[in-house]
$ cat start.tsv   # TSV, N, CA and C atoms and all ligand atoms
chain	number	residue	atom	x	y	z
I	1485	MET	N	0.83	-1.21	0.00
I	1485	MET	CA	0.00	0.00	0.00
I	1485	MET	C	0.86	1.26	0.00
I	1486	HIS	N	2.09	1.12	0.50
I	1486	HIS	CA	2.95	2.30	0.49
I	1486	HIS	C	3.46	2.57	-0.92
I	1487	ALA	N	3.56	3.81	-1.24
I	1487	ALA	CA	3.96	4.18	-2.59
I	1487	ALA	C	5.06	5.23	-2.55
I	1488	PRO	N	6.29	4.79	-2.35
I	1488	PRO	CA	7.40	5.73	-2.19
I	1488	PRO	C	7.66	6.55	-3.45
I	1489	ASP	N	7.08	6.12	-4.58
I	1489	ASP	CA	7.32	6.84	-5.83
I	1489	ASP	C	6.42	8.06	-5.95
I	1490	LEU	N	5.43	8.19	-5.07
I	1490	LEU	CA	4.50	9.31	-5.18
I	1490	LEU	C	4.94	10.47	-4.29
I	1491	PRO	N	4.60	11.69	-4.72
I	1491	PRO	CA	4.97	12.87	-3.91
I	1491	PRO	C	4.44	12.76	-2.49
I	1492	GLY	N	5.26	13.07	-1.53
I	1492	GLY	CA	4.83	13.11	-0.14
I	1492	GLY	C	4.78	11.76	0.54
I	1493	LYS	N	5.12	10.68	-0.21
I	1493	LYS	CA	5.08	9.32	0.35
I	1493	LYS	C	3.79	9.07	1.14
I	1494	PRO	N	2.67	8.95	0.42
I	1494	PRO	CA	1.38	8.77	1.08
I	1494	PRO	C	1.36	7.55	2.00
I	1495	ASP	N	0.55	7.64	3.06
I	1495	ASP	CA	0.45	6.54	4.01
I	1495	ASP	C	-0.35	5.38	3.42
I	1496	LEU	N	-1.42	5.70	2.71
I	1496	LEU	CA	-2.23	4.67	2.08
I	1496	LEU	C	-2.52	5.06	0.64
I	1497	THR	N	-2.35	4.11	-0.25
I	1497	THR	CA	-2.60	4.38	-1.67
I	1497	THR	C	-3.54	3.33	-2.23
I	1498	PHE	N	-4.58	3.78	-2.91
I	1498	PHE	CA	-5.51	2.87	-3.57
I	1498	PHE	C	-5.43	3.16	-5.05
I	1499	ARG	N	-4.51	2.49	-5.71
I	1499	ARG	CA	-4.22	2.82	-7.10
I	1499	ARG	C	-5.42	2.63	-8.02
I	1500	ARG	N	-6.18	1.57	-7.77
I	1500	ARG	CA	-7.31	1.29	-8.64
I	1500	ARG	C	-8.33	2.43	-8.57
I	1501	LEU	N	-8.50	2.96	-7.35
I	1501	LEU	CA	-9.48	4.04	-7.15
I	1501	LEU	C	-8.86	5.41	-7.40
I	1502	LYS	N	-7.54	5.43	-7.56
I	1502	LYS	CA	-6.82	6.70	-7.70
I	1502	LYS	C	-7.05	7.58	-6.46
I	1503	LYS	N	-6.97	6.96	-5.31
I	1503	LYS	CA	-7.18	7.69	-4.06
I	1503	LYS	C	-5.99	7.49	-3.12
I	1504	ILE	N	-5.74	8.54	-2.37
I	1504	ILE	CA	-4.60	8.54	-1.48
I	1504	ILE	C	-5.02	9.08	-0.12
I	1505	ILE	N	-4.48	8.47	0.92
I	1505	ILE	CA	-4.76	8.97	2.26
I	1505	ILE	C	-3.45	9.28	2.98
I	1506	PHE	N	-3.40	10.46	3.55
I	1506	PHE	CA	-2.29	10.82	4.42
I	1506	PHE	C	-2.78	10.82	5.86
I	1507	VAL	N	-1.97	10.33	6.75
I	1507	VAL	CA	-2.25	10.50	8.17
I	1507	VAL	C	-1.22	11.50	8.69
I	1508	HIS	N	-1.71	12.67	9.04
I	1508	HIS	CA	-0.81	13.73	9.47
I	1508	HIS	C	-0.78	13.85	10.98
I	1509	GLY	N	0.42	13.93	11.51
I	1509	GLY	CA	0.58	14.20	12.92
I	1509	GLY	C	0.15	15.65	13.19
I	1510	CYS	N	-0.68	15.84	14.21
I	1510	CYS	CA	-1.23	17.18	14.49
I	1510	CYS	C	-0.13	18.19	14.80
I	1511	PHE	N	0.90	17.73	15.46
I	1511	PHE	CA	1.99	18.63	15.85
I	1511	PHE	C	2.82	19.07	14.65
I	1512	TRP	N	3.33	18.13	13.89
I	1512	TRP	CA	4.23	18.45	12.78
I	1512	TRP	C	3.52	19.11	11.61
I	1513	HIS	N	2.29	18.72	11.40
I	1513	HIS	CA	1.58	19.25	10.23
I	1513	HIS	C	0.60	20.35	10.58
I	1514	ARG	N	0.54	20.72	11.85
I	1514	ARG	CA	-0.25	21.87	12.30
I	1514	ARG	C	-1.74	21.75	12.05
I	1515	HIS	N	-2.34	20.85	12.78
I	1515	HIS	CA	-3.79	20.72	12.74
I	1515	HIS	C	-4.40	21.96	13.40
I	1516	SER	N	-5.16	22.75	12.62
I	1516	SER	CA	-5.63	24.02	13.18
I	1516	SER	C	-6.67	23.78	14.26
I	1517	ARG	N	-6.63	24.58	15.27
I	1517	ARG	CA	-7.52	24.52	16.44
I	1517	ARG	C	-7.46	23.16	17.15
I	1518	CYS	N	-6.37	22.46	17.00
I	1518	CYS	CA	-6.23	21.16	17.67
I	1518	CYS	C	-5.26	21.30	18.84
I	1519	ALA	N	-5.62	20.65	19.93
I	1519	ALA	CA	-4.77	20.71	21.12
I	1519	ALA	C	-3.40	20.10	20.85
I	1520	GLY	N	-3.34	19.21	19.86
I	1520	GLY	CA	-2.08	18.55	19.54
I	1520	GLY	C	-1.10	19.44	18.79
I	1521	ALA	N	-1.57	20.61	18.35
I	1521	ALA	CA	-0.72	21.49	17.55
I	1521	ALA	C	-0.19	22.66	18.38
I	1522	SER	N	0.34	22.34	19.52
I	1522	SER	CA	0.89	23.40	20.38
I	1522	SER	C	2.25	23.84	19.83
I	1523	VAL	N	2.69	25.00	20.28
I	1523	VAL	CA	4.02	25.48	19.90
I	1523	VAL	C	4.91	25.43	21.14
I	1524	PRO	N	6.04	24.74	21.02
I	1524	PRO	CA	6.96	24.68	22.18
I	1524	PRO	C	7.36	26.08	22.63
I	1525	LYS	N	7.46	26.26	23.92
I	1525	LYS	CA	7.76	27.59	24.46
I	1525	LYS	C	9.18	28.02	24.15
I	1526	ASN	N	10.09	27.06	24.21
I	1526	ASN	CA	11.48	27.38	23.90
I	1526	ASN	C	11.68	27.43	22.39
I	1527	ASN	N	12.47	28.40	21.95
I	1527	ASN	CA	12.77	28.52	20.53
I	1527	ASN	C	11.52	28.63	19.66
I	1528	ALA	N	10.55	29.38	20.14
I	1528	ALA	CA	9.27	29.48	19.43
I	1528	ALA	C	9.48	29.89	17.97
I	1529	GLU	N	10.43	30.77	17.74
I	1529	GLU	CA	10.66	31.25	16.37
I	1529	GLU	C	11.15	30.13	15.46
I	1530	PHE	N	12.06	29.36	15.99
I	1530	PHE	CA	12.59	28.21	15.26
I	1530	PHE	C	11.45	27.27	14.88
I	1531	TRP	N	10.59	26.98	15.84
I	1531	TRP	CA	9.49	26.06	15.59
I	1531	TRP	C	8.50	26.63	14.57
I	1532	GLN	N	8.18	27.91	14.72
I	1532	GLN	CA	7.23	28.52	13.78
I	1532	GLN	C	7.74	28.40	12.35
I	1533	GLU	N	9.04	28.60	12.19
I	1533	GLU	CA	9.63	28.53	10.86
I	1533	GLU	C	9.58	27.09	10.34
I	1534	LYS	N	9.89	26.18	11.20
I	1534	LYS	CA	9.86	24.77	10.83
I	1534	LYS	C	8.44	24.35	10.44
I	1535	PHE	N	7.47	24.77	11.24
I	1535	PHE	CA	6.07	24.43	10.96
I	1535	PHE	C	5.64	25.06	9.64
I	1536	ARG	N	6.04	26.29	9.43
I	1536	ARG	CA	5.66	26.99	8.21
I	1536	ARG	C	6.13	26.21	6.98
I	1537	ARG	N	7.37	25.70	7.08
I	1537	ARG	CA	7.91	24.93	5.95
I	1537	ARG	C	7.15	23.61	5.77
I	1538	ASN	N	6.82	22.96	6.88
I	1538	ASN	CA	6.06	21.70	6.78
I	1538	ASN	C	4.73	21.92	6.10
I	1539	VAL	N	4.02	22.97	6.52
I	1539	VAL	CA	2.69	23.24	5.97
I	1539	VAL	C	2.79	23.59	4.48
I	1540	ALA	N	3.82	24.36	4.14
I	1540	ALA	CA	4.01	24.73	2.73
I	1540	ALA	C	4.30	23.50	1.89
I	1541	ARG	N	5.10	22.58	2.44
I	1541	ARG	CA	5.43	21.36	1.72
I	1541	ARG	C	4.17	20.51	1.53
I	1542	ASP	N	3.35	20.42	2.57
I	1542	ASP	CA	2.09	19.66	2.47
I	1542	ASP	C	1.22	20.21	1.36
I	1543	LYS	N	1.13	21.53	1.31
I	1543	LYS	CA	0.30	22.18	0.29
I	1543	LYS	C	0.78	21.83	-1.10
I	1544	ARG	N	2.11	21.94	-1.29
I	1544	ARG	CA	2.70	21.62	-2.59
I	1544	ARG	C	2.40	20.18	-2.97
I	1545	THR	N	2.59	19.28	-2.01
I	1545	THR	CA	2.38	17.85	-2.26
I	1545	THR	C	0.94	17.59	-2.69
I	1546	LEU	N	-0.01	18.17	-1.96
I	1546	LEU	CA	-1.42	17.96	-2.29
I	1546	LEU	C	-1.74	18.48	-3.68
I	1547	ARG	N	-1.21	19.66	-3.98
I	1547	ARG	CA	-1.48	20.26	-5.29
I	1547	ARG	C	-0.94	19.36	-6.40
I	1548	LEU	N	0.28	18.86	-6.18
I	1548	LEU	CA	0.94	18.01	-7.16
I	1548	LEU	C	0.13	16.72	-7.39
I	1549	LEU	N	-0.27	16.10	-6.30
I	1549	LEU	CA	-1.03	14.85	-6.43
I	1549	LEU	C	-2.36	15.08	-7.13
I	1550	LYS	N	-3.03	16.16	-6.76
I	1550	LYS	CA	-4.31	16.46	-7.38
I	1550	LYS	C	-4.14	16.72	-8.87
I	1551	SER	N	-3.04	17.39	-9.21
I	1551	SER	CA	-2.80	17.68	-10.63
I	1551	SER	C	-2.51	16.40	-11.39
I	1552	GLN	N	-2.09	15.35	-10.68
I	1552	GLN	CA	-1.86	14.06	-11.33
I	1552	GLN	C	-3.11	13.18	-11.31
I	1553	GLY	N	-4.21	13.76	-10.85
I	1553	GLY	CA	-5.48	13.04	-10.91
I	1553	GLY	C	-5.82	12.23	-9.67
I	1554	TRP	N	-5.05	12.39	-8.60
I	1554	TRP	CA	-5.33	11.66	-7.36
I	1554	TRP	C	-6.35	12.40	-6.51
I	1555	ASP	N	-7.20	11.60	-5.88
I	1555	ASP	CA	-8.12	12.11	-4.87
I	1555	ASP	C	-7.40	11.97	-3.53
I	1556	VAL	N	-7.31	13.03	-2.79
I	1556	VAL	CA	-6.50	12.97	-1.57
I	1556	VAL	C	-7.32	13.27	-0.33
I	1557	LEU	N	-7.19	12.43	0.68
I	1557	LEU	CA	-7.81	12.67	1.98
I	1557	LEU	C	-6.71	12.81	3.01
I	1558	VAL	N	-6.80	13.88	3.79
I	1558	VAL	CA	-5.85	14.04	4.89
I	1558	VAL	C	-6.57	13.74	6.19
I	1559	LEU	N	-6.09	12.72	6.87
I	1559	LEU	CA	-6.61	12.39	8.19
I	1559	LEU	C	-5.64	12.93	9.22
I	1560	TRP	N	-6.19	13.45	10.29
I	1560	TRP	CA	-5.32	13.92	11.36
I	1560	TRP	C	-5.21	12.84	12.42
I	1561	GLN	N	-4.04	12.82	13.03
I	1561	GLN	CA	-3.75	11.81	14.04
I	1561	GLN	C	-4.86	11.73	15.09
I	1562	CYS	N	-5.35	12.90	15.52
I	1562	CYS	CA	-6.36	12.89	16.59
I	1562	CYS	C	-7.67	12.28	16.10
I	1563	GLN	N	-7.92	12.33	14.79
I	1563	GLN	CA	-9.16	11.75	14.25
I	1563	GLN	C	-9.09	10.23	14.22
I	1564	THR	N	-7.88	9.71	14.18
I	1564	THR	CA	-7.73	8.26	14.06
I	1564	THR	C	-7.92	7.57	15.40
I	1565	LYS	N	-8.08	8.34	16.46
I	1565	LYS	CA	-8.25	7.74	17.78
I	1565	LYS	C	-9.69	7.30	18.02
I	1566	ASN	N	-10.60	7.89	17.27
I	1566	ASN	CA	-12.00	7.51	17.39
I	1566	ASN	C	-12.34	6.57	16.24
I	1567	TYR	N	-12.45	5.29	16.56
I	1567	TYR	CA	-12.60	4.29	15.51
I	1567	TYR	C	-13.85	4.51	14.66
I	1568	GLN	N	-14.97	4.81	15.32
I	1568	GLN	CA	-16.23	5.01	14.58
I	1568	GLN	C	-16.11	6.17	13.60
I	1569	ASN	N	-15.55	7.24	14.10
I	1569	ASN	CA	-15.34	8.44	13.31
I	1569	ASN	C	-14.42	8.14	12.12
I	1570	LEU	N	-13.36	7.42	12.41
I	1570	LEU	CA	-12.38	7.07	11.39
I	1570	LEU	C	-13.03	6.22	10.29
I	1571	LYS	N	-13.83	5.26	10.72
I	1571	LYS	CA	-14.50	4.36	9.79
I	1571	LYS	C	-15.40	5.17	8.84
I	1572	LEU	N	-16.14	6.11	9.42
I	1572	LEU	CA	-17.03	6.94	8.60
I	1572	LEU	C	-16.25	7.77	7.59
I	1573	LEU	N	-15.16	8.36	8.05
I	1573	LEU	CA	-14.35	9.19	7.17
I	1573	LEU	C	-13.78	8.37	6.02
I	1574	LEU	N	-13.27	7.19	6.35
I	1574	LEU	CA	-12.67	6.34	5.32
I	1574	LEU	C	-13.71	5.84	4.33
I	1575	GLU	N	-14.84	5.37	4.86
I	1575	GLU	CA	-15.89	4.86	3.98
I	1575	GLU	C	-16.41	5.96	3.06
I	1576	GLY	N	-16.62	7.14	3.64
I	1576	GLY	CA	-17.11	8.26	2.85
I	1576	GLY	C	-16.14	8.59	1.72
I	1577	PHE	N	-14.88	8.61	2.06
I	1577	PHE	CA	-13.86	8.98	1.07
I	1577	PHE	C	-13.74	7.92	-0.02
I	1578	LEU	N	-13.70	6.66	0.38
I	1578	LEU	CA	-13.47	5.60	-0.59
I	1578	LEU	C	-14.70	5.34	-1.47
I	1579	ASP	N	-15.88	5.68	-0.96
I	1579	ASP	CA	-17.10	5.48	-1.74
I	1579	ASP	C	-17.35	6.61	-2.71
I	1580	GLU	N	-16.74	7.74	-2.44
I	1580	GLU	CA	-16.93	8.94	-3.26
I	1580	GLU	C	-16.64	8.65	-4.73
I	1581	GLY	N	-17.49	9.12	-5.58
I	1581	GLY	CA	-17.20	9.01	-7.01
I	1581	GLY	C	-17.47	7.64	-7.59
I	1582	LYS	N	-17.82	6.68	-6.72
I	1582	LYS	CA	-18.18	5.36	-7.21
I	1582	LYS	C	-19.58	5.44	-7.85
I	1583	SER	N	-19.74	4.80	-8.97
I	1583	SER	CA	-21.08	4.81	-9.56
I	1583	SER	C	-21.95	3.82	-8.80
I	1584	SER	N	-23.09	4.29	-8.33
I	1584	SER	CA	-23.92	3.39	-7.52
I	1584	SER	C	-25.23	3.09	-8.24
Z	1	ZN	ZN	-5.51	17.12	15.65

$ encode --input "start.tsv" --output "C-alpha cells" --more "lines below"
Ligand SMILES: [Zn+2]
Amino acid sequence: MHAPDLPGKPDLTFRRLKKIIFVHGCFWHRHSRCAGASVPKNNAEFWQEKFRRNVARDKRTLRLLKSQGWDVLVLWQCQTKNYQNLKLLLEGFLDEGKSS
C-alpha cells in the first residue's frame, strides 16, 4: 500500500481508485484549532519557521497529487483515535465518485 514513488510518500494508496490517504501528525503538520498542535515555548521562532515549511510542503504535495489526478484525503492523528469516526471518514472517502 505504500507508494514511495509518489509525492509526499502517502500513508495509504488505492491505485485502482486513484485515491490517497495521508495521516498527518497534528503537531508536525499543524492541525488548526487542535490541542495537539501546540508550539513549544522554547525557541518558538525556530518552531514557527519549521512548521511553516512543513505546511508549505504539504500544500505543494497535495497540489501536485491532485494535478496528477489523485483524490486525496488528509486524516489527522487525533481523528484516528475515534474508531467510529475514522471508519465513517474512510468509507465516505473511498465510496466517493463510485457509480452506484
Ligand atoms: Zn488534531

$ residues_near_ligand --input "start.tsv" --ligand "ligand ZN 1 (chain Z)" --cutoff "8 Å" --atoms "only N, CA and C atoms and all ligand atoms" --output "PDB file with N, CA and C atoms, keeping the file's coordinate frame"
ATOM      1  N   HIS I1508      -1.710  12.670   9.040  1.00  0.00           N
ATOM      2  CA  HIS I1508      -0.810  13.730   9.470  1.00  0.00           C
ATOM      3  C   HIS I1508      -0.780  13.850  10.980  1.00  0.00           C
ATOM      4  N   GLY I1509       0.420  13.930  11.510  1.00  0.00           N
ATOM      5  CA  GLY I1509       0.580  14.200  12.920  1.00  0.00           C
ATOM      6  C   GLY I1509       0.150  15.650  13.190  1.00  0.00           C
ATOM      7  N   CYS I1510      -0.680  15.840  14.210  1.00  0.00           N
ATOM      8  CA  CYS I1510      -1.230  17.180  14.490  1.00  0.00           C
ATOM      9  C   CYS I1510      -0.130  18.190  14.800  1.00  0.00           C
ATOM     10  N   PHE I1511       0.900  17.730  15.460  1.00  0.00           N
ATOM     11  CA  PHE I1511       1.990  18.630  15.850  1.00  0.00           C
ATOM     12  C   PHE I1511       2.820  19.070  14.650  1.00  0.00           C
ATOM     13  N   ARG I1514       0.540  20.720  11.850  1.00  0.00           N
ATOM     14  CA  ARG I1514      -0.250  21.870  12.300  1.00  0.00           C
ATOM     15  C   ARG I1514      -1.740  21.750  12.050  1.00  0.00           C
ATOM     16  N   HIS I1515      -2.340  20.850  12.780  1.00  0.00           N
ATOM     17  CA  HIS I1515      -3.790  20.720  12.740  1.00  0.00           C
ATOM     18  C   HIS I1515      -4.400  21.960  13.400  1.00  0.00           C
ATOM     19  N   SER I1516      -5.160  22.750  12.620  1.00  0.00           N
ATOM     20  CA  SER I1516      -5.630  24.020  13.180  1.00  0.00           C
ATOM     21  C   SER I1516      -6.670  23.780  14.260  1.00  0.00           C
ATOM     22  N   ARG I1517      -6.630  24.580  15.270  1.00  0.00           N
ATOM     23  CA  ARG I1517      -7.520  24.520  16.440  1.00  0.00           C
ATOM     24  C   ARG I1517      -7.460  23.160  17.150  1.00  0.00           C
ATOM     25  N   CYS I1518      -6.370  22.460  17.000  1.00  0.00           N
ATOM     26  CA  CYS I1518      -6.230  21.160  17.670  1.00  0.00           C
ATOM     27  C   CYS I1518      -5.260  21.300  18.840  1.00  0.00           C
ATOM     28  N   ALA I1519      -5.620  20.650  19.930  1.00  0.00           N
ATOM     29  CA  ALA I1519      -4.770  20.710  21.120  1.00  0.00           C
ATOM     30  C   ALA I1519      -3.400  20.100  20.850  1.00  0.00           C
ATOM     31  N   GLY I1520      -3.340  19.210  19.860  1.00  0.00           N
ATOM     32  CA  GLY I1520      -2.080  18.550  19.540  1.00  0.00           C
ATOM     33  C   GLY I1520      -1.100  19.440  18.790  1.00  0.00           C
ATOM     34  N   ALA I1521      -1.570  20.610  18.350  1.00  0.00           N
ATOM     35  CA  ALA I1521      -0.720  21.490  17.550  1.00  0.00           C
ATOM     36  C   ALA I1521      -0.190  22.660  18.380  1.00  0.00           C
ATOM     37  N   LEU I1559      -6.090  12.720   6.870  1.00  0.00           N
ATOM     38  CA  LEU I1559      -6.610  12.390   8.190  1.00  0.00           C
ATOM     39  C   LEU I1559      -5.640  12.930   9.220  1.00  0.00           C
ATOM     40  N   TRP I1560      -6.190  13.450  10.290  1.00  0.00           N
ATOM     41  CA  TRP I1560      -5.320  13.920  11.360  1.00  0.00           C
ATOM     42  C   TRP I1560      -5.210  12.840  12.420  1.00  0.00           C
ATOM     43  N   GLN I1561      -4.040  12.820  13.030  1.00  0.00           N
ATOM     44  CA  GLN I1561      -3.750  11.810  14.040  1.00  0.00           C
ATOM     45  C   GLN I1561      -4.860  11.730  15.090  1.00  0.00           C
ATOM     46  N   CYS I1562      -5.350  12.900  15.520  1.00  0.00           N
ATOM     47  CA  CYS I1562      -6.360  12.890  16.590  1.00  0.00           C
ATOM     48  C   CYS I1562      -7.670  12.280  16.100  1.00  0.00           C
ATOM     49  N   GLN I1563      -7.920  12.330  14.790  1.00  0.00           N
ATOM     50  CA  GLN I1563      -9.160  11.750  14.250  1.00  0.00           C
ATOM     51  C   GLN I1563      -9.090  10.230  14.220  1.00  0.00           C
ATOM     52  N   THR I1564      -7.880   9.710  14.180  1.00  0.00           N
ATOM     53  CA  THR I1564      -7.730   8.260  14.060  1.00  0.00           C
ATOM     54  C   THR I1564      -7.920   7.570  15.400  1.00  0.00           C
TER      55      THR I1564
END

$ closest_residue --input "start.tsv" --among "I:Asn1527, I:Asn1538, I:Gln1532, I:Thr1497" --to "His1513 of chain I" --atoms "only N, CA and C atoms"
I:Asn1538

$ closest_residue --input "start.tsv" --among "I:Leu1501, I:Leu1574, I:Gly1492, I:Val1507" --to "Val1558 of chain I" --atoms "all atoms listed in the file"
I:Val1507

$ atom_distance --input "start.tsv" --atom1 "atom CA of Leu1548 of chain I" --atom2 "atom N of Pro1491 of chain I"
7.7 Å

$ atom_distance --input "start.tsv" --atom1 "atom CA of Gln1568 of chain I" --atom2 "atom CA of Phe1498 of chain I"
21.2 Å

$ atom_distance --input "start.tsv" --atom1 "atom N of Arg1536 of chain I" --atom2 "atom CA of Trp1512 of chain I"
8.7 Å

$ axis_aligned_box --input "start.tsv" --around "segment 1544-1557 of chain I" --padding-each-side "3 Å" --output "lines of an AutoDock Vina configuration file"
center_x = -2.7
center_y = 16.8
center_z = -4.2
size_x = 16.8
size_y = 16.3
size_z = 20.4

$ closest_residue --input "start.tsv" --among "I:Leu1573, I:Leu1557, I:Leu1578, I:Leu1490" --to "Ile1505 of chain I" --atoms "all atoms listed in the file"
I:Leu1557

$ select_by_dssp --input "start.tsv" --residues "chain I" --states "strand (DSSP E or B)" --output "NGL selection string"
:I and (1496-1498 or 1503-1508 or 1555-1560)

$ select_by_dssp --input "start.tsv" --residues "chain I" --states "helix (DSSP H, G or I)" --output "CSV table (one decimal) with N, CA and C atoms, in the frame of the given file"
chain,number,residue,atom,x,y,z
I,1510,CYS,N,-0.7,15.8,14.2
I,1510,CYS,CA,-1.2,17.2,14.5
I,1510,CYS,C,-0.1,18.2,14.8
I,1511,PHE,N,0.9,17.7,15.5
I,1511,PHE,CA,2.0,18.6,15.8
I,1511,PHE,C,2.8,19.1,14.6
I,1512,TRP,N,3.3,18.1,13.9
I,1512,TRP,CA,4.2,18.4,12.8
I,1512,TRP,C,3.5,19.1,11.6
I,1513,HIS,N,2.3,18.7,11.4
I,1513,HIS,CA,1.6,19.2,10.2
I,1513,HIS,C,0.6,20.4,10.6
I,1528,ALA,N,10.6,29.4,20.1
I,1528,ALA,CA,9.3,29.5,19.4
I,1528,ALA,C,9.5,29.9,18.0
I,1529,GLU,N,10.4,30.8,17.7
I,1529,GLU,CA,10.7,31.2,16.4
I,1529,GLU,C,11.2,30.1,15.5
I,1530,PHE,N,12.1,29.4,16.0
I,1530,PHE,CA,12.6,28.2,15.3
I,1530,PHE,C,11.4,27.3,14.9
I,1531,TRP,N,10.6,27.0,15.8
I,1531,TRP,CA,9.5,26.1,15.6
I,1531,TRP,C,8.5,26.6,14.6
I,1532,GLN,N,8.2,27.9,14.7
I,1532,GLN,CA,7.2,28.5,13.8
I,1532,GLN,C,7.7,28.4,12.4
I,1533,GLU,N,9.0,28.6,12.2
I,1533,GLU,CA,9.6,28.5,10.9
I,1533,GLU,C,9.6,27.1,10.3
I,1534,LYS,N,9.9,26.2,11.2
I,1534,LYS,CA,9.9,24.8,10.8
I,1534,LYS,C,8.4,24.4,10.4
I,1535,PHE,N,7.5,24.8,11.2
I,1535,PHE,CA,6.1,24.4,11.0
I,1535,PHE,C,5.6,25.1,9.6
I,1536,ARG,N,6.0,26.3,9.4
I,1536,ARG,CA,5.7,27.0,8.2
I,1536,ARG,C,6.1,26.2,7.0
I,1537,ARG,N,7.4,25.7,7.1
I,1537,ARG,CA,7.9,24.9,6.0
I,1537,ARG,C,7.2,23.6,5.8
I,1538,ASN,N,6.8,23.0,6.9
I,1538,ASN,CA,6.1,21.7,6.8
I,1538,ASN,C,4.7,21.9,6.1
I,1539,VAL,N,4.0,23.0,6.5
I,1539,VAL,CA,2.7,23.2,6.0
I,1539,VAL,C,2.8,23.6,4.5
I,1540,ALA,N,3.8,24.4,4.1
I,1540,ALA,CA,4.0,24.7,2.7
I,1540,ALA,C,4.3,23.5,1.9
I,1541,ARG,N,5.1,22.6,2.4
I,1541,ARG,CA,5.4,21.4,1.7
I,1541,ARG,C,4.2,20.5,1.5
I,1542,ASP,N,3.4,20.4,2.6
I,1542,ASP,CA,2.1,19.7,2.5
I,1542,ASP,C,1.2,20.2,1.4
I,1543,LYS,N,1.1,21.5,1.3
I,1543,LYS,CA,0.3,22.2,0.3
I,1543,LYS,C,0.8,21.8,-1.1
I,1544,ARG,N,2.1,21.9,-1.3
I,1544,ARG,CA,2.7,21.6,-2.6
I,1544,ARG,C,2.4,20.2,-3.0
I,1545,THR,N,2.6,19.3,-2.0
I,1545,THR,CA,2.4,17.8,-2.3
I,1545,THR,C,0.9,17.6,-2.7
I,1546,LEU,N,0.0,18.2,-2.0
I,1546,LEU,CA,-1.4,18.0,-2.3
I,1546,LEU,C,-1.7,18.5,-3.7
I,1547,ARG,N,-1.2,19.7,-4.0
I,1547,ARG,CA,-1.5,20.3,-5.3
I,1547,ARG,C,-0.9,19.4,-6.4
I,1548,LEU,N,0.3,18.9,-6.2
I,1548,LEU,CA,0.9,18.0,-7.2
I,1548,LEU,C,0.1,16.7,-7.4
I,1549,LEU,N,-0.3,16.1,-6.3
I,1549,LEU,CA,-1.0,14.8,-6.4
I,1549,LEU,C,-2.4,15.1,-7.1
I,1550,LYS,N,-3.0,16.2,-6.8
I,1550,LYS,CA,-4.3,16.5,-7.4
I,1550,LYS,C,-4.1,16.7,-8.9
I,1551,SER,N,-3.0,17.4,-9.2
I,1551,SER,CA,-2.8,17.7,-10.6
I,1551,SER,C,-2.5,16.4,-11.4
I,1561,GLN,N,-4.0,12.8,13.0
I,1561,GLN,CA,-3.8,11.8,14.0
I,1561,GLN,C,-4.9,11.7,15.1
I,1562,CYS,N,-5.4,12.9,15.5
I,1562,CYS,CA,-6.4,12.9,16.6
I,1562,CYS,C,-7.7,12.3,16.1
I,1563,GLN,N,-7.9,12.3,14.8
I,1563,GLN,CA,-9.2,11.8,14.2
I,1563,GLN,C,-9.1,10.2,14.2
I,1564,THR,N,-7.9,9.7,14.2
I,1564,THR,CA,-7.7,8.3,14.1
I,1564,THR,C,-7.9,7.6,15.4
I,1565,LYS,N,-8.1,8.3,16.5
I,1565,LYS,CA,-8.2,7.7,17.8
I,1565,LYS,C,-9.7,7.3,18.0
I,1567,TYR,N,-12.4,5.3,16.6
I,1567,TYR,CA,-12.6,4.3,15.5
I,1567,TYR,C,-13.8,4.5,14.7
I,1568,GLN,N,-15.0,4.8,15.3
I,1568,GLN,CA,-16.2,5.0,14.6
I,1568,GLN,C,-16.1,6.2,13.6
I,1569,ASN,N,-15.6,7.2,14.1
I,1569,ASN,CA,-15.3,8.4,13.3
I,1569,ASN,C,-14.4,8.1,12.1
I,1570,LEU,N,-13.4,7.4,12.4
I,1570,LEU,CA,-12.4,7.1,11.4
I,1570,LEU,C,-13.0,6.2,10.3
I,1571,LYS,N,-13.8,5.3,10.7
I,1571,LYS,CA,-14.5,4.4,9.8
I,1571,LYS,C,-15.4,5.2,8.8
I,1572,LEU,N,-16.1,6.1,9.4
I,1572,LEU,CA,-17.0,6.9,8.6
I,1572,LEU,C,-16.2,7.8,7.6
I,1573,LEU,N,-15.2,8.4,8.0
I,1573,LEU,CA,-14.4,9.2,7.2
I,1573,LEU,C,-13.8,8.4,6.0
I,1574,LEU,N,-13.3,7.2,6.4
I,1574,LEU,CA,-12.7,6.3,5.3
I,1574,LEU,C,-13.7,5.8,4.3
I,1575,GLU,N,-14.8,5.4,4.9
I,1575,GLU,CA,-15.9,4.9,4.0
I,1575,GLU,C,-16.4,6.0,3.1
I,1576,GLY,N,-16.6,7.1,3.6
I,1576,GLY,CA,-17.1,8.3,2.8
I,1576,GLY,C,-16.1,8.6,1.7
I,1577,PHE,N,-14.9,8.6,2.1
I,1577,PHE,CA,-13.9,9.0,1.1
I,1577,PHE,C,-13.7,7.9,0.0
I,1578,LEU,N,-13.7,6.7,0.4
I,1578,LEU,CA,-13.5,5.6,-0.6
I,1578,LEU,C,-14.7,5.3,-1.5
I,1579,ASP,N,-15.9,5.7,-1.0
I,1579,ASP,CA,-17.1,5.5,-1.7
I,1579,ASP,C,-17.4,6.6,-2.7

$ residues_around --input "start.tsv" --residues "segment 1552-1555 of chain I" --least-positions-apart "4" --cutoff "7 Å" --atoms "only C-alpha atoms" --output "ChimeraX atom specification"
/I:1502-1504,1548
